[in-house]
4 protein chains.
Amino acid sequence: MKIGKSTVPESAICGSDDETIVVRGHDLCRDLIGQLSFTDYFWLLVTGQRPNATASRVLDATLVAIAEHGLVPSVQASRMTLAAAPDAIQGAVAAGILGCGSVILGASETAGRLFLRIDALAKEKSLSLEAAAEVVVRELRANKQAIPGYGHPLHKDRDPRVARLFAVGAEAGTPGHFVAIAEAVESVLPGLTGRDLRLNVSAAIPAVLLDAGFPVGALKGVPILARTASLIAHLLEEQIKPIGFVLSHAGSKAVGYDGSVPAGFVAGEA
Amino acid sequence: MKIGKSTVPESAICGSDDETIVVRGHDLCRDLIGQLSFTDYFWLLVTGQRPNATASRVLDATLVAIAEHGLVPSVQASRMTLAAAPDAIQGAVAAGILGCGSVILGASETAGRLFLRIDALAKEKSLSLEAAAEVVVRELRANKQAIPGYGHPLHKDRDPRVARLFAVGAEAGTPGHFVAIAEAVESVLPGLTGRDLRLNVSAAIPAVLLDAGFPVGALKGVPILARTASLIAHLLEEQIKPIGFVLSHAGSKAVGYDGSVPAGFVAGEA
Amino acid sequence: MKIGKSTVPESAICGSDDETIVVRGHDLCRDLIGQLSFTDYFWLLVTGQRPNATASRVLDATLVAIAEHGLVPSVQASRMTLAAAPDAIQGAVAAGILGCGSVILGASETAGRLFLRIDALAKEKSLSLEAAAEVVVRELRANKQAIPGYGHPLHKDRDPRVARLFAVGAEAGTPGHFVAIAEAVESVLPGLTGRDLRLNVSAAIPAVLLDAGFPVGALKGVPILARTASLIAHLLEEQIKPIGFVLSHAGSKAVGYDGSVPAGFVAGEA
Amino acid sequence: MKIGKSTVPESAICGSDDETIVVRGHDLCRDLIGQLSFTDYFWLLVTGQRPNATASRVLDATLVAIAEHGLVPSVQASRMTLAAAPDAIQGAVAAGILGCGSVILGASETAGRLFLRIDALAKEKSLSLEAAAEVVVRELRANKQAIPGYGHPLHKDRDPRVARLFAVGAEAGTPGHFVAIAEAVESVLPGLTGRDLRLNVSAAIPAVLLDAGFPVGALKGVPILARTASLIAHLLEEQIKPIGFVLSHAGSKAVGYDGSVPAGFVAGEA
């Protein structure tokens, strides 16, 4: 069954023969293994180019910033899955990755696109970054859309990772243009929303990565790769020091049954 | 890249042309849609044969028995995944299915194979079912293997679903041979283990399905199909009456951090 | 870490104690097992109500219509996954379910919502169904949105399942109002699009299910539950008659490598 | 519902309060972001310790060696999933990760444990590595178990990545003891199996990682993390240069339908 338009059936990522594996034009064994970090290899796989030292440092910093934050929902789902299906660790990793959606981790790409819009608008209309930010934020609010990357349930001030990422970006030599855009958005939010929504890591990451030359379409891959490292660590801990059933027990005690019941029934633990 | 041995590249499940879809030899539109239940269609897809009335009733009963049991770990993982990634319900269903592993749902197949071994041994050595059961259970214990399908964390007596499933199997006209085997295992367990492990639904299901002629290799599909129905219901409820973040909040409060800390750090909510 | 607004922490689907499992207000063992089909149980889980005979027949028919259609992409992905990870059938089922997205299976809900909009508009503005259909289709086209549920890559005429589903809906006694809306859309499409896009099964299913009283928010669960049955059948066949590596071998031969290469490299099989 | 034994409900990976995120005892912002690579952070997350320079270099090399190898089955499944469900890239990543099972990627851990057994046996019985390897390989064959990590469908000689990884391990200063064990196994295989099975990357990776001090229980995480990088790159390419439906079209043409058919039916494309 043919579905979809015909496409040029080629991929530019990897080819191989009996002796050689070629990745983005490089001989994997001769040119890559032992000669660049996994982080730089990720940049190469995604973009087709090796990152310069600035880009490499920034990508490492963003991956480290976002990977781990304790028993977040996707990590809990993952650990519960391993407890229920201990023979297939890849299933538990996959379950955790399925929680990498828009609410908790997906804002990195949407924030990046927000910054690009502000950048384009400022250039097109010769506006200051603050003025362009105000226009774009008003549009979002008019369409009842959330402002991706601002506010945080635990860190009421700026998320502590933001300042550190911006400092690393500056130390690494990025131009800081998108950081300035991210800060422009933060500066206009109180006036437009009545709320003091501070930059969080989901906006800081695209800001520094765009400053380092990372393609906006690839931003969503960064939280996913990072979270995979955390999931693996948590699952390895789960195999030695299990808490999966503690988590599910706590969850089931926290939620009751409010449907109808037959006469005489008294709900125990759900 | 060729991986794996060459195989006859054919499937016997479904073929189609411009006008007709053929499933297991039947014209889907002419012979199947509106003419058999989804449960019977599942039996046909899996076995290549339509079930008789006895088999149909038993399969329905087992699917109904196993599908729903509240906020079990895989349902919690699924609801948390939807809360974190609300745009992709198929991701949340998949996350829940990944929890259908050996601990909670997988015992149906292993119990089925246990019963087949006891059946074969009894015939081969002319033993009573209890004697054959004792031999096989001793082997499992000698290999430090669990007895699949016996005992239950909540229902200290027999799981209430067991009696009902056995009654349905009898009403539907099954021979009851594998039910007898399942009960033989239950009768020998106290003497061999010192524990009163009663039949639970994971052993009852293969017993009645084997009595109804269901192939043992397909047993593991039954809990998976059943659980999918429950997951869909829970996810639809999650979209209207969310509890996903309540579950993760309860989980994170139940588990502390016991790694080392920098001087002056006091752990808040993880 | 608290994420999300506080919500009433209750679920209305299932509660249990030592002796009784209550599902949607019914005693599972006393009232449900052996007393209703798995299809009817699915309706009960999802809606909280047992279906009448009309609804039961229509739901069965739609599940049977949509479950199986051969080696579609999600089934291929599933079989390849089992070939690569044979120890975890739930992982392969999950992989197949992850392909149940908007392109191939998700149109059922969007088509259902389209029909509801046309229904509401016709009532609100006292329009004929054709006139209301024309208004709504024009809107979709103006917003460059696809018309969900019309056209099919293989069946150039109406998908053969459509007529059968509509006939079952009529035989079962549904009012046929949403079927009329679905046909109204089909009648206006040539004039508005210049293309003869015929109803396919993704529009037929919501039409008959809405006529049977199925809630629109639950429509997306129907293809997912149905597809799970097919995946299980294919995976059981994969264990006996494997084609997973035949599929991946064919795929890798169909796509070349068009990135740059080191001097002297000749691509073999990718 | 309480399932499972009670456990000490603590995790040693991450804790946080309003101001500080602590990971394995370190202040994430003050001590980690911008100060170590993502690879080193992965080692820290998994083991609780920061790697030395030798370990860091070896882990980078193994991740780079294993991440990408073109349109392998899990990558094809992933790209097909994105083509079918384009709105949820995390679903497509998860689908690809579900193919990281025993056949293609899982051998790293099993090979690592094989090497540890040979090491322990050699020490316990004062045997040479070759003699110990022979004993252990004979055991595997007697139990009809595969020898993990030897042989490769494409690279008939040693997989080219093996020599490079061993060279990196030596350059980085590892003791080379497990590399010697891996080579001892290779040297005894022809005599025991009659086949010239050469080391492949799935054995080389645990050899150099064990030499670098990486815990054997964490070995399985390495191919999973590495593969995630490749999946992200392929999915980003799929969004721009789609081949998902080309893959499924090729697959469906490669497999026929061999079930029975109604009279007059001629199978078209499945």
# chains A, B, ... in the order shown; residues from 1 in each chain; ligands from 1
$ select_by_dssp --residues "stretch 23-75 of chain D" --states "helix (DSSP H, G or I)" --output "compact mmCIF listing (two decimals) with N, CA, C and O atoms, in the first residue's frame"
# COMPACT_ATOMS: atom_id res chain seq x y z
N LEU D 28 24.34 21.49 41.29
CA LEU D 28 24.29 21.44 39.82
C LEU D 28 24.79 22.74 39.19
O LEU D 28 25.61 22.72 38.27
N CYS D 29 24.29 23.86 39.67
CA CYS D 29 24.63 25.14 39.05
C CYS D 29 26.05 25.58 39.37
O CYS D 29 26.78 26.05 38.51
N ARG D 30 26.45 25.38 40.63
CA ARG D 30 27.75 25.90 41.03
C ARG D 30 28.89 25.01 40.58
O ARG D 30 29.97 25.49 40.23
N ASP D 31 28.66 23.69 40.58
CA ASP D 31 29.76 22.75 40.40
C ASP D 31 29.75 21.97 39.08
O ASP D 31 30.75 21.35 38.72
N LEU D 32 28.63 21.94 38.39
CA LEU D 32 28.52 21.00 37.27
C LEU D 32 28.27 21.66 35.91
O LEU D 32 28.99 21.38 34.95
N PHE D 38 28.71 16.36 29.08
CA PHE D 38 27.49 15.55 29.25
C PHE D 38 27.86 14.09 29.46
O PHE D 38 27.25 13.38 30.25
N THR D 39 28.89 13.65 28.77
CA THR D 39 29.35 12.27 28.94
C THR D 39 29.81 12.04 30.37
O THR D 39 29.46 11.04 31.00
N ASP D 40 30.61 12.95 30.90
CA ASP D 40 31.07 12.81 32.28
C ASP D 40 29.89 12.90 33.25
O ASP D 40 29.87 12.21 34.28
N TYR D 41 28.92 13.74 32.92
CA TYR D 41 27.73 13.86 33.77
C TYR D 41 26.97 12.55 33.76
O TYR D 41 26.46 12.11 34.79
N PHE D 42 26.90 11.88 32.63
CA PHE D 42 26.23 10.58 32.55
C PHE D 42 26.94 9.58 33.46
O PHE D 42 26.30 8.84 34.20
N TRP D 43 28.26 9.59 33.43
CA TRP D 43 29.01 8.69 34.32
C TRP D 43 28.69 9.03 35.78
O TRP D 43 28.49 8.14 36.60
N LEU D 44 28.66 10.29 36.12
CA LEU D 44 28.35 10.72 37.47
C LEU D 44 26.94 10.29 37.87
O LEU D 44 26.72 9.76 38.97
N LEU D 45 25.96 10.50 36.99
CA LEU D 45 24.58 10.13 37.31
C LEU D 45 24.47 8.63 37.59
O LEU D 45 23.80 8.20 38.51
N VAL D 46 25.16 7.88 36.76
CA VAL D 46 25.03 6.42 36.85
C VAL D 46 25.81 5.84 38.02
O VAL D 46 25.35 4.93 38.70
N THR D 47 27.02 6.37 38.27
CA THR D 47 27.87 5.74 39.27
C THR D 47 27.95 6.50 40.58
O THR D 47 28.39 5.94 41.58
N ALA D 53 40.15 11.10 33.70
CA ALA D 53 40.33 11.43 32.28
C ALA D 53 40.31 10.19 31.40
O ALA D 53 39.81 10.20 30.28
N THR D 54 40.89 9.11 31.91
CA THR D 54 40.89 7.85 31.17
C THR D 54 39.46 7.37 30.93
O THR D 54 39.06 7.05 29.81
N ALA D 55 38.72 7.32 31.98
CA ALA D 55 37.35 6.82 31.90
C ALA D 55 36.51 7.72 30.99
O ALA D 55 35.70 7.24 30.19
N SER D 56 36.71 8.99 31.11
CA SER D 56 35.95 9.94 30.30
C SER D 56 36.20 9.70 28.82
O SER D 56 35.27 9.64 28.00
N ARG D 57 37.46 9.55 28.47
CA ARG D 57 37.80 9.36 27.05
C ARG D 57 37.22 8.06 26.51
O ARG D 57 36.72 8.00 25.39
N VAL D 58 37.30 7.01 27.34
CA VAL D 58 36.79 5.71 26.88
C VAL D 58 35.28 5.73 26.72
O VAL D 58 34.72 5.23 25.74
N LEU D 59 34.59 6.33 27.66
CA LEU D 59 33.12 6.37 27.55
C LEU D 59 32.70 7.17 26.32
O LEU D 59 31.81 6.76 25.57
N ASP D 60 33.35 8.31 26.08
CA ASP D 60 33.04 9.07 24.86
C ASP D 60 33.24 8.19 23.63
O ASP D 60 32.42 8.17 22.71
N ALA D 61 34.37 7.48 23.60
CA ALA D 61 34.68 6.68 22.42
C ALA D 61 33.64 5.58 22.19
O ALA D 61 33.24 5.30 21.05
N THR D 62 33.18 4.95 23.27
CA THR D 62 32.21 3.86 23.10
C THR D 62 30.87 4.41 22.65
O THR D 62 30.21 3.81 21.80
N LEU D 63 30.45 5.53 23.20
CA LEU D 63 29.18 6.13 22.78
C LEU D 63 29.25 6.51 21.30
O LEU D 63 28.31 6.27 20.53
N VAL D 64 30.35 7.10 20.89
CA VAL D 64 30.51 7.48 19.49
C VAL D 64 30.54 6.24 18.59
O VAL D 64 29.98 6.23 17.51
N ALA D 65 31.16 5.18 19.06
CA ALA D 65 31.28 3.98 18.23
C ALA D 65 29.94 3.32 17.96
O ALA D 65 29.69 2.80 16.88
N ILE D 66 29.05 3.36 18.93
CA ILE D 66 27.82 2.55 18.85
C ILE D 66 26.60 3.33 18.40
O ILE D 66 25.59 2.74 18.02
N ALA D 67 26.65 4.65 18.42
CA ALA D 67 25.42 5.41 18.26
C ALA D 67 24.77 5.21 16.89
O ALA D 67 23.57 4.98 16.79
N PRO D 73 17.11 -1.68 11.96
CA PRO D 73 15.68 -1.85 12.21
C PRO D 73 15.07 -0.85 13.19
O PRO D 73 13.98 -0.32 12.92
N SER D 74 15.72 -0.54 14.29
CA SER D 74 15.10 0.37 15.25
C SER D 74 15.00 1.79 14.68
O SER D 74 14.05 2.51 14.99
N VAL D 75 15.94 2.18 13.83
CA VAL D 75 15.85 3.50 13.19
C VAL D 75 14.73 3.49 12.16
O VAL D 75 13.98 4.47 12.04
$ interface_residues --of "chain B" --to "chain C" --cutoff "6 Å" --atoms "only C-alpha atoms" --output "PyMOL selection string"
chain B and resi 1-2+9+14+18+29+33-34+37-38+42+45-46+60-61+64-65+70+90-91+94+98+154-155+161+168+221+229+232-233+243+249+269-270
$ select_by_dssp --residues "stretch 13-195 of chain D" --states "strand (DSSP E or B)" --output "PyMOL selection string"
chain D and resi 14-16+21-23+26-27+150
$ residues_around --residues "stretch 120-134 of chain A" --least-positions-apart "4" --cutoff "8 Å" --atoms "only C-alpha atoms" --output "PyMOL selection string"
chain A and resi 116+138+180-181+184-185+187-188+192
